[in-house]
$ cat my_file34.txt   # compact mmCIF, C-alpha atoms and all ligand atoms
# COMPACT_ATOMS: atom_id res chain seq x y z
CA MET A 1 -36.07 -8.30 -1.48
CA PRO A 2 -34.37 -4.95 -2.08
CA ASN A 3 -34.00 -4.35 1.67
CA ASP A 4 -32.29 -7.65 2.37
CA PRO A 5 -28.97 -6.69 4.05
CA ALA A 6 -27.12 -9.38 2.10
CA VAL A 7 -28.30 -7.91 -1.20
CA ILE A 8 -27.42 -4.35 -0.15
CA ALA A 9 -23.96 -5.45 1.00
CA ASP A 10 -23.31 -6.93 -2.41
CA THR A 11 -23.20 -3.55 -4.11
CA LEU A 12 -20.31 -1.12 -3.88
CA ALA A 13 -22.57 1.47 -2.21
CA GLY A 14 -23.74 -1.17 0.27
CA ARG A 15 -20.22 -2.27 1.16
CA LEU A 16 -19.15 1.35 1.55
CA ALA A 17 -22.09 2.00 3.87
CA ALA A 18 -21.25 -1.13 5.89
CA VAL A 19 -17.62 0.01 6.33
CA ARG A 20 -18.74 3.49 7.37
CA ALA A 21 -21.16 1.98 9.88
CA ALA A 22 -18.46 -0.28 11.36
CA ILE A 23 -16.10 2.69 11.70
CA ALA A 24 -18.79 4.70 13.47
CA GLU A 25 -19.57 1.83 15.81
CA ALA A 26 -15.90 1.34 16.74
CA ALA A 27 -15.51 5.07 17.31
CA ARG A 28 -18.55 5.31 19.56
CA ALA A 29 -17.46 2.20 21.49
CA THR A 30 -14.37 4.12 22.62
CA GLY A 31 -16.15 7.40 23.22
CA ARG A 32 -14.95 9.03 20.02
CA ASP A 33 -16.85 11.08 17.49
CA PRO A 34 -17.24 9.00 14.28
CA SER A 35 -16.58 12.12 12.21
CA ASP A 36 -13.03 12.19 13.62
CA VAL A 37 -12.17 9.12 11.54
CA ILE A 38 -11.46 9.60 7.83
CA LEU A 39 -12.19 6.71 5.49
CA VAL A 40 -9.58 6.51 2.72
CA ALA A 41 -11.02 4.26 0.00
CA VAL A 42 -8.13 2.39 -1.61
CA GLY A 43 -8.94 1.97 -5.29
CA LYS A 44 -5.70 0.41 -6.53
CA THR A 45 -6.08 -2.02 -9.46
CA TYR A 46 -9.65 -0.79 -10.08
CA GLY A 47 -10.40 1.58 -12.95
CA ALA A 48 -11.87 5.06 -13.09
CA GLU A 49 -15.39 3.76 -13.73
CA VAL A 50 -15.34 1.88 -10.41
CA MET A 51 -14.07 5.03 -8.68
CA GLU A 52 -17.03 6.89 -10.19
CA GLU A 53 -19.37 4.42 -8.52
CA ALA A 54 -17.77 5.18 -5.16
CA ILE A 55 -17.93 8.91 -5.87
CA ALA A 56 -21.63 8.56 -6.72
CA ALA A 57 -22.07 6.89 -3.32
CA GLY A 58 -20.60 9.99 -1.66
CA GLN A 59 -16.97 8.92 -1.18
CA ARG A 60 -14.44 11.71 -1.76
CA ILE A 61 -11.19 10.56 -0.13
CA PHE A 62 -9.19 7.93 -1.99
CA GLY A 63 -5.84 6.19 -1.68
CA GLU A 64 -3.49 4.79 -4.32
CA ASN A 65 -0.20 2.99 -3.79
CA ARG A 66 1.33 3.56 -7.24
CA VAL A 67 2.06 7.01 -8.63
CA GLN A 68 1.90 5.80 -12.24
CA GLU A 69 -1.50 4.19 -11.85
CA ALA A 70 -2.90 7.23 -10.03
CA ALA A 71 -1.56 9.58 -12.73
CA GLY A 72 -3.58 7.70 -15.33
CA LYS A 73 -6.74 7.46 -13.30
CA TRP A 74 -7.28 10.53 -11.14
CA PRO A 75 -6.62 13.81 -13.02
CA GLY A 76 -9.84 13.45 -15.02
CA LEU A 77 -11.88 12.50 -11.95
CA LYS A 78 -10.40 15.35 -9.89
CA ALA A 79 -11.24 17.81 -12.65
CA ARG A 80 -14.88 16.72 -12.50
CA TRP A 81 -15.07 16.49 -8.69
CA PRO A 82 -12.70 19.14 -7.29
CA ASP A 83 -13.45 18.13 -3.69
CA ILE A 84 -11.77 14.74 -4.16
CA ARG A 85 -8.70 14.25 -1.96
CA LEU A 86 -6.08 11.74 -3.02
CA HIS A 87 -3.64 10.04 -0.62
CA LEU A 88 -0.44 8.28 -1.67
CA ILE A 89 -0.10 5.17 0.50
CA GLY A 90 2.70 3.38 -1.37
CA PRO A 91 6.45 4.02 -1.56
CA LEU A 92 7.61 7.23 -3.27
CA GLN A 93 10.87 7.31 -5.23
CA THR A 94 12.64 10.66 -5.15
CA ASN A 95 12.55 10.93 -8.96
CA LYS A 96 8.74 10.66 -8.82
CA VAL A 97 8.24 13.61 -6.46
CA LYS A 98 7.42 15.88 -9.39
CA ASP A 99 4.64 13.51 -10.51
CA VAL A 100 3.06 13.58 -7.07
CA LEU A 101 2.84 17.37 -6.76
CA GLY A 102 -0.56 18.68 -7.74
CA LEU A 103 -2.00 15.15 -7.98
CA PHE A 104 -1.82 13.89 -4.39
CA ASP A 105 -3.16 15.98 -1.51
CA VAL A 106 -1.56 13.79 1.15
CA VAL A 107 1.56 11.61 1.03
CA GLN A 108 1.43 9.04 3.83
CA THR A 109 4.79 7.43 3.08
CA LEU A 110 7.57 9.86 3.99
CA ASP A 111 10.18 7.40 5.24
CA ARG A 112 13.71 8.67 4.70
CA ALA A 113 15.97 11.71 4.61
CA GLY A 114 16.53 11.51 0.85
CA LEU A 115 12.81 11.86 0.19
CA ALA A 116 12.48 14.69 2.72
CA GLU A 117 15.29 16.55 0.93
CA ALA A 118 13.68 16.00 -2.48
CA LEU A 119 10.46 17.50 -1.12
CA VAL A 120 12.37 20.48 0.27
CA LYS A 121 13.97 21.03 -3.15
CA ALA A 122 10.56 20.96 -4.82
CA ARG A 123 9.28 23.51 -2.32
CA ASP A 124 12.34 25.71 -2.92
CA ARG A 125 11.41 25.71 -6.61
CA GLY A 126 7.97 27.02 -5.71
CA ALA A 127 5.87 23.85 -5.44
CA ALA A 128 3.11 23.59 -2.85
CA LEU A 129 3.79 20.45 -0.83
CA PRO A 130 1.10 17.91 0.05
CA GLU A 131 0.27 17.16 3.67
CA LEU A 132 2.75 14.54 4.90
CA LEU A 133 2.60 11.51 7.17
CA VAL A 134 5.71 9.65 8.24
CA GLN A 135 5.54 5.90 7.72
CA VAL A 136 6.86 3.88 10.65
CA ASN A 137 7.94 0.26 10.16
CA THR A 138 6.47 -0.84 13.50
CA GLY A 139 7.29 -4.51 12.86
CA LYS A 140 10.88 -3.73 11.72
CA GLU A 141 10.27 -5.89 8.65
CA PRO A 142 13.23 -5.73 6.28
CA GLN A 143 11.05 -5.87 3.15
CA LYS A 144 8.81 -3.05 4.32
CA ALA A 145 9.29 0.69 4.00
CA GLY A 146 9.12 3.01 6.98
CA VAL A 147 11.30 4.58 9.63
CA ASP A 148 12.56 2.25 12.36
CA PRO A 149 10.48 2.93 15.50
CA ALA A 150 13.66 3.63 17.48
CA GLU A 151 14.63 6.33 14.98
CA ALA A 152 11.19 7.87 14.57
CA ASP A 153 11.61 10.66 17.16
CA ALA A 154 14.89 11.82 15.61
CA PHE A 155 13.48 11.69 12.08
CA LEU A 156 10.39 13.64 13.12
CA ALA A 157 12.58 16.25 14.81
CA ARG A 158 14.54 16.73 11.57
CA CYS A 159 11.27 17.01 9.58
CA ARG A 160 10.16 19.74 11.94
CA ASP A 161 13.32 21.69 12.74
CA GLU A 162 15.67 21.10 9.83
CA TRP A 163 13.37 20.61 6.83
CA ARG A 164 10.25 22.40 8.12
CA LEU A 165 8.01 19.90 6.38
CA PRO A 166 4.22 19.82 6.91
CA VAL A 167 4.15 16.50 8.79
CA THR A 168 0.80 16.02 10.53
CA GLY A 169 0.89 12.38 11.59
CA LEU A 170 2.09 8.81 11.24
CA MET A 171 1.19 5.76 9.18
CA CYS A 172 1.93 2.05 9.66
CA ILE A 173 1.30 -1.30 7.98
CA PRO A 174 1.62 -4.00 10.69
CA PRO A 175 3.12 -7.40 9.85
CA ALA A 176 0.50 -9.59 8.18
CA ASP A 177 1.08 -12.49 10.57
CA GLU A 178 0.84 -10.67 13.91
CA PRO A 179 -2.12 -9.27 15.84
CA PRO A 180 -2.10 -5.60 14.85
CA ALA A 181 -3.11 -4.08 18.20
CA LEU A 182 0.42 -3.74 19.62
CA HIS A 183 1.54 -2.03 16.41
CA PHE A 184 -1.37 0.39 16.54
CA ALA A 185 -0.59 1.17 20.18
CA LEU A 186 3.09 1.74 19.36
CA LEU A 187 2.24 4.12 16.51
CA ARG A 188 -0.18 6.03 18.73
CA GLU A 189 2.49 6.39 21.42
CA ILE A 190 5.10 7.71 18.98
CA ALA A 191 2.56 10.22 17.66
CA ARG A 192 1.55 11.30 21.16
CA ARG A 193 5.06 12.04 22.35
CA ASN A 194 5.79 13.97 19.15
CA GLY A 195 2.63 16.07 19.33
CA LEU A 196 1.10 14.63 16.13
CA ASP A 197 -2.62 13.98 15.95
CA ARG A 198 -3.19 12.13 12.68
CA LEU A 199 -2.86 8.34 12.72
CA SER A 200 -3.29 6.32 9.53
CA MET A 201 -3.69 2.70 10.51
CA GLY A 202 -6.08 -0.14 9.76
CA MET A 203 -7.00 -1.90 6.50
CA SER A 204 -9.92 -4.14 5.47
CA GLY A 205 -9.05 -6.85 7.99
CA ASP A 206 -8.44 -4.69 11.03
CA TYR A 207 -9.80 -1.17 10.59
CA ALA A 208 -12.30 -1.49 13.46
CA THR A 209 -9.46 -2.48 15.81
CA ALA A 210 -7.41 0.44 14.50
CA VAL A 211 -10.24 2.87 15.25
CA ARG A 212 -10.46 1.52 18.79
CA PHE A 213 -6.71 2.19 19.10
CA GLY A 214 -7.09 5.77 17.97
CA ALA A 215 -6.84 5.74 14.16
CA THR A 216 -7.95 9.00 12.58
CA MET A 217 -7.62 7.54 9.06
CA VAL A 218 -8.29 4.00 7.93
CA ARG A 219 -7.22 2.74 4.49
CA VAL A 220 -9.80 0.29 3.21
CA GLY A 221 -9.65 -1.36 -0.22
CA SER A 222 -11.00 -4.87 -0.68
CA ALA A 223 -13.85 -4.52 1.84
CA ILE A 224 -15.25 -1.79 -0.43
CA PHE A 225 -14.15 -2.70 -3.95
CA GLY A 226 -13.79 -6.47 -3.67
CA ALA A 227 -10.79 -8.79 -3.69
CA ARG A 228 -7.89 -7.81 -5.94
CA PRO A 229 -5.84 -10.14 -8.14
CA SER A 230 -3.12 -11.37 -5.78
CA VAL A 231 -0.21 -9.89 -7.81
CA THR A 232 -0.74 -6.35 -6.56
CA THR A 233 -0.48 -5.76 -2.85
CA GLY A 234 1.27 -3.37 -0.50
C1 LIG B 301 -3.74 -1.94 -0.51
C2 LIG B 301 -3.46 -1.18 0.72
C3 LIG B 301 -4.46 -0.96 1.68
C4 LIG B 301 -5.86 -1.54 1.57
O1 LIG B 301 -5.80 -2.92 1.75
P1 LIG B 301 -7.14 -3.78 1.94
O2 LIG B 301 -6.70 -4.94 2.75
O3 LIG B 301 -7.58 -4.14 0.58
O4 LIG B 301 -8.12 -2.93 2.64
C5 LIG B 301 -4.14 -0.21 2.79
N1 LIG B 301 -2.90 0.33 2.96
C6 LIG B 301 -1.92 0.15 2.06
C7 LIG B 301 -0.61 0.77 2.31
C8 LIG B 301 -2.16 -0.60 0.91
O5 LIG B 301 -1.17 -0.76 0.02
$ encode --input "my_file34.txt" --output "structure tokens" --more "lines below"
Ligand SMILES: *Cc1c(COP(=O)(O)O)cnc(C)c1O
Amino acid sequence: MPNDPAVIADTLAGRLAAVRAAIAEAARATGRDPSDVILVAVGKTYGAEVMEEAIAAGQRIFGENRVQEAAGKWPGLKARWPDIRLHLIGPLQTNKVKDVLGLFDVVQTLDRAGLAEALVKARDRGAALPELLVQVNTGKEPQKAGVDPAEADAFLARCRDEWRLPVTGLMCIPPADEPPALHFALLREIARRNGLDRLSMGMSGDYATAVRFGATMVRVGSAIFGARPSVTTG
């Protein structure tokens, strides 16, 4: 039964199509154009050959949370498919900024002055900076990266006026044990009052909710690639 939905959903291409369909449905349900929502396929822990399967299924935008892993996996793929866009969705140490330049097209995890200043230094030396999103720690979780929501406006003002960084939006990872909707709404409100239109929010468990709350990028891993070994998250 090649047309059995259960069989189709059990291939990478089928799962990818199902995620795209759910994004489109959530967008339409709130009167949005589905093409306004970017699907970032999070390939962490999976090898280049699995990424090639996703590329063959038409996916071009990918996310990785570790610079080291991405540096081993993506240069070859990007050379073969120049239209691939790679997003860094994990923490960036200042001494790794040089490894990110030219590899990542978007860094979603700008979260502190020291990193902003390291990016400015790289630009002063002639580097082209990636597009930047500021990560906001909407749940104020001590173990999580991100700017405190109460300090987000001031940090964004410095990015704009002092550092002149190409910040286009915000990113958040809500607490795992809370309904995400309030966090999505908070992120959207901070973006609105700062004139930013890109919102990266929503993962495998809650991306449809995130789209209904205005996400313009969702970061989906396990719903596309399958469950990861539990050692490597966030
Ligand atoms: C791993 C990861 C994701 C994807 O998580 P899934 O639940 O597998 O979809 C999204 N965002 C960040 C920051 C991640 O580290």
$ closest_residue --input "my_file34.txt" --among "A:Lys78, A:Arg158, A:Lys96, A:Lys144" --to "ligand LIG 301 (chain B)" --atoms "all atoms listed in the file"
A:Lys144
$ atom_distance --input "my_file34.txt" --atom1 "CA of Tyr207 (chain A)" --atom2 "CA of Ile23 (chain A)"
7.5 Å
$ closest_atom_pairs --input "my_file34.txt" --of "chain A" --to "ligand LIG 301 (chain B)" --cutoff "7 Å" --atoms "all atoms listed in the file" --output "tab-separated table"
residue	atom	partner	partner_atom	distance
A:Val42	CA	B:LIG301	C4	5.5
A:Lys44	CA	B:LIG301	C1	6.8
A:Asn65	CA	B:LIG301	O5	5.4
A:Ile89	CA	B:LIG301	C7	4.8
A:Gly90	CA	B:LIG301	C7	5.6
A:Ile173	CA	B:LIG301	C7	6.3
A:Met203	CA	B:LIG301	O4	4.1
A:Ser204	CA	B:LIG301	O4	3.6
A:Gly205	CA	B:LIG301	O2	6.1
A:Arg219	CA	B:LIG301	C5	4.6
A:Val220	CA	B:LIG301	O4	3.7
A:Gly221	CA	B:LIG301	O3	3.6
A:Ser222	CA	B:LIG301	O3	3.7
A:Ala223	CA	B:LIG301	O4	6.0
A:Thr233	CA	B:LIG301	C1	5.5
A:Gly234	CA	B:LIG301	O5	3.6
$ closest_atom_pairs --input "my_file34.txt" --of "region 110-220 of chain A" --to "region 24-36 of chain A" --cutoff "10 Å" --atoms "all atoms listed in the file" --output "tab-separated table"
residue	atom	partner	partner_atom	distance
A:Arg198	CA	A:Asp36	CA	9.9
A:Tyr207	CA	A:Ala26	CA	9.0
A:Ala208	CA	A:Ala26	CA	5.6
A:Thr209	CA	A:Ala26	CA	7.5
A:Ala210	CA	A:Ala26	CA	8.8
A:Val211	CA	A:Ala26	CA	6.0
A:Arg212	CA	A:Ala26	CA	5.8
A:Phe213	CA	A:Thr30	CA	8.6
A:Gly214	CA	A:Ala27	CA	8.5
A:Ala215	CA	A:Asp36	CA	9.0
A:Thr216	CA	A:Asp36	CA	6.1
A:Met217	CA	A:Asp36	CA	8.5
$ closest_residue --input "my_file34.txt" --among "A:Gly114, A:Gly169, A:Gly72, A:Gly195" --to "Val136 (chain A)" --atoms "all atoms listed in the file"
A:Gly169
$ closest_residue --input "my_file34.txt" --among "A:Gly139, A:Pro166, A:Gly146, A:Pro91" --to "Pro180 (chain A)" --atoms "all atoms listed in the file"
A:Gly139
$ atom_distance --input "my_file34.txt" --atom1 "CA of Phe104 (chain A)" --atom2 "CA of Glu69 (chain A)"
12.2 Å
$ residues_around --input "my_file34.txt" --residues "region 7-22 of chain A" --least-positions-apart "6" --cutoff "8 Å" --atoms "all atoms listed in the file" --output "list in words"
Met1, Leu39, Glu53, Ala54, Ala57, Ala208, Ala223, Ile224 and Phe225 of chain A
$ residues_near_point --input "my_file34.txt" --point "(-10.1, 7.3, -11.6)" --cutoff "8 Å" --atoms "only C-alpha atoms" --output "VMD selection string"
chain A and resid 47 to 52 70 72 to 77
$ closest_residue --input "my_file34.txt" --among "A:Ala145, A:Ala116, A:Val100, A:Leu170" --to "Leu186 (chain A)" --atoms "all atoms listed in the file"
A:Leu170
$ closest_residue --input "my_file34.txt" --among "A:Ala79, A:Ile55, A:Ala185, A:Val97" --to "Ala127 (chain A)" --atoms "only C-alpha atoms"
A:Val97
$ closest_residue --input "my_file34.txt" --among "A:His87, A:Val134, A:Leu101, A:Val106" --to "Ala154 (chain A)" --atoms "all atoms listed in the file"
A:Val134
$ atom_distance --input "my_file34.txt" --atom1 "CA of Arg60 (chain A)" --atom2 "CA of Pro229 (chain A)"
24.3 Å
$ build_atoms --input "my_file34.txt" --residues "region 53-64 of chain A" --atoms "all heavy atoms" --output "PDB file, in the frame of the given file"
ATOM      1  N   GLU A  53     -18.290   5.030  -9.316  1.00  0.00           N
ATOM      2  CA  GLU A  53     -19.370   4.420  -8.520  1.00  0.00           C
ATOM      3  C   GLU A  53     -19.242   4.825  -7.054  1.00  0.00           C
ATOM      4  O   GLU A  53     -20.237   5.124  -6.384  1.00  0.00           O
ATOM      5  CB  GLU A  53     -19.259   2.892  -8.593  1.00  0.00           C
ATOM      6  CG  GLU A  53     -20.280   2.209  -9.470  1.00  0.00           C
ATOM      7  CD  GLU A  53     -20.215   0.712  -9.262  1.00  0.00           C
ATOM      8  OE1 GLU A  53     -20.862   0.198  -8.324  1.00  0.00           O
ATOM      9  OE2 GLU A  53     -19.481   0.044 -10.018  1.00  0.00           O
ATOM     10  N   ALA A  54     -18.002   4.793  -6.552  1.00  0.00           N
ATOM     11  CA  ALA A  54     -17.770   5.180  -5.160  1.00  0.00           C
ATOM     12  C   ALA A  54     -18.057   6.669  -4.958  1.00  0.00           C
ATOM     13  O   ALA A  54     -18.627   7.078  -3.939  1.00  0.00           O
ATOM     14  CB  ALA A  54     -16.342   4.839  -4.740  1.00  0.00           C
ATOM     15  N   ILE A  55     -17.681   7.464  -5.947  1.00  0.00           N
ATOM     16  CA  ILE A  55     -17.930   8.910  -5.870  1.00  0.00           C
ATOM     17  C   ILE A  55     -19.445   9.163  -5.852  1.00  0.00           C
ATOM     18  O   ILE A  55     -19.946   9.973  -5.070  1.00  0.00           O
ATOM     19  CB  ILE A  55     -17.263   9.641  -7.061  1.00  0.00           C
ATOM     20  CG1 ILE A  55     -15.736   9.540  -6.956  1.00  0.00           C
ATOM     21  CG2 ILE A  55     -17.692  11.109  -7.115  1.00  0.00           C
ATOM     22  CD1 ILE A  55     -14.987   9.876  -8.237  1.00  0.00           C
ATOM     23  N   ALA A  56     -20.176   8.424  -6.681  1.00  0.00           N
ATOM     24  CA  ALA A  56     -21.630   8.560  -6.720  1.00  0.00           C
ATOM     25  C   ALA A  56     -22.247   8.198  -5.370  1.00  0.00           C
ATOM     26  O   ALA A  56     -23.295   8.722  -4.993  1.00  0.00           O
ATOM     27  CB  ALA A  56     -22.222   7.687  -7.824  1.00  0.00           C
ATOM     28  N   ALA A  57     -21.569   7.291  -4.642  1.00  0.00           N
ATOM     29  CA  ALA A  57     -22.070   6.890  -3.320  1.00  0.00           C
ATOM     30  C   ALA A  57     -21.595   7.853  -2.232  1.00  0.00           C
ATOM     31  O   ALA A  57     -21.770   7.580  -1.041  1.00  0.00           O
ATOM     32  CB  ALA A  57     -21.618   5.468  -3.005  1.00  0.00           C
ATOM     33  N   GLY A  58     -20.959   8.947  -2.629  1.00  0.00           N
ATOM     34  CA  GLY A  58     -20.600   9.990  -1.660  1.00  0.00           C
ATOM     35  C   GLY A  58     -19.163   9.971  -1.189  1.00  0.00           C
ATOM     36  O   GLY A  58     -18.755  10.835  -0.419  1.00  0.00           O
ATOM     37  N   GLN A  59     -18.365   8.997  -1.632  1.00  0.00           N
ATOM     38  CA  GLN A  59     -16.970   8.920  -1.180  1.00  0.00           C
ATOM     39  C   GLN A  59     -16.128   9.987  -1.888  1.00  0.00           C
ATOM     40  O   GLN A  59     -16.283  10.204  -3.084  1.00  0.00           O
ATOM     41  CB  GLN A  59     -16.409   7.520  -1.464  1.00  0.00           C
ATOM     42  CG  GLN A  59     -14.991   7.300  -0.974  1.00  0.00           C
ATOM     43  CD  GLN A  59     -14.862   7.380   0.542  1.00  0.00           C
ATOM     44  OE1 GLN A  59     -15.815   7.138   1.267  1.00  0.00           O
ATOM     45  NE2 GLN A  59     -13.690   7.750   1.017  1.00  0.00           N
ATOM     46  N   ARG A  60     -15.274  10.667  -1.154  1.00  0.00           N
ATOM     47  CA  ARG A  60     -14.440  11.710  -1.760  1.00  0.00           C
ATOM     48  C   ARG A  60     -12.954  11.556  -1.457  1.00  0.00           C
ATOM     49  O   ARG A  60     -12.128  12.245  -2.036  1.00  0.00           O
ATOM     50  CB  ARG A  60     -14.893  13.099  -1.275  1.00  0.00           C
ATOM     51  CG  ARG A  60     -16.224  13.551  -1.849  1.00  0.00           C
ATOM     52  CD  ARG A  60     -16.145  13.768  -3.352  1.00  0.00           C
ATOM     53  NE  ARG A  60     -17.397  14.253  -3.894  1.00  0.00           N
ATOM     54  CZ  ARG A  60     -18.431  13.464  -4.231  1.00  0.00           C
ATOM     55  NH1 ARG A  60     -18.347  12.150  -4.081  1.00  0.00           N
ATOM     56  NH2 ARG A  60     -19.538  13.987  -4.725  1.00  0.00           N
ATOM     57  N   ILE A  61     -12.594  10.685  -0.517  1.00  0.00           N
ATOM     58  CA  ILE A  61     -11.190  10.560  -0.130  1.00  0.00           C
ATOM     59  C   ILE A  61     -10.702   9.179  -0.564  1.00  0.00           C
ATOM     60  O   ILE A  61     -11.288   8.159  -0.192  1.00  0.00           O
ATOM     61  CB  ILE A  61     -11.022  10.765   1.383  1.00  0.00           C
ATOM     62  CG1 ILE A  61     -11.602  12.130   1.761  1.00  0.00           C
ATOM     63  CG2 ILE A  61      -9.555  10.657   1.790  1.00  0.00           C
ATOM     64  CD1 ILE A  61     -11.646  12.383   3.248  1.00  0.00           C
ATOM     65  N   PHE A  62      -9.656   9.175  -1.385  1.00  0.00           N
ATOM     66  CA  PHE A  62      -9.190   7.930  -1.990  1.00  0.00           C
ATOM     67  C   PHE A  62      -7.692   7.753  -1.787  1.00  0.00           C
ATOM     68  O   PHE A  62      -6.948   8.721  -1.623  1.00  0.00           O
ATOM     69  CB  PHE A  62      -9.502   7.946  -3.496  1.00  0.00           C
ATOM     70  CG  PHE A  62     -10.973   7.873  -3.798  1.00  0.00           C
ATOM     71  CD1 PHE A  62     -11.735   9.031  -3.888  1.00  0.00           C
ATOM     72  CD2 PHE A  62     -11.606   6.654  -3.968  1.00  0.00           C
ATOM     73  CE1 PHE A  62     -13.098   8.977  -4.156  1.00  0.00           C
ATOM     74  CE2 PHE A  62     -12.973   6.577  -4.238  1.00  0.00           C
ATOM     75  CZ  PHE A  62     -13.713   7.744  -4.332  1.00  0.00           C
ATOM     76  N   GLY A  63      -7.258   6.491  -1.807  1.00  0.00           N
ATOM     77  CA  GLY A  63      -5.840   6.190  -1.680  1.00  0.00           C
ATOM     78  C   GLY A  63      -5.372   5.349  -2.856  1.00  0.00           C
ATOM     79  O   GLY A  63      -6.122   4.521  -3.385  1.00  0.00           O
ATOM     80  N   GLU A  64      -4.126   5.596  -3.269  1.00  0.00           N
ATOM     81  CA  GLU A  64      -3.490   4.790  -4.320  1.00  0.00           C
ATOM     82  C   GLU A  64      -2.081   4.477  -3.860  1.00  0.00           C
ATOM     83  O   GLU A  64      -1.438   5.301  -3.189  1.00  0.00           O
ATOM     84  CB  GLU A  64      -3.416   5.584  -5.634  1.00  0.00           C
ATOM     85  CG  GLU A  64      -4.767   5.820  -6.291  1.00  0.00           C
ATOM     86  CD  GLU A  64      -5.347   4.573  -6.972  1.00  0.00           C
ATOM     87  OE1 GLU A  64      -4.593   3.587  -7.191  1.00  0.00           O
ATOM     88  OE2 GLU A  64      -6.552   4.591  -7.298  1.00  0.00           O
TER      89      GLU A  64
END
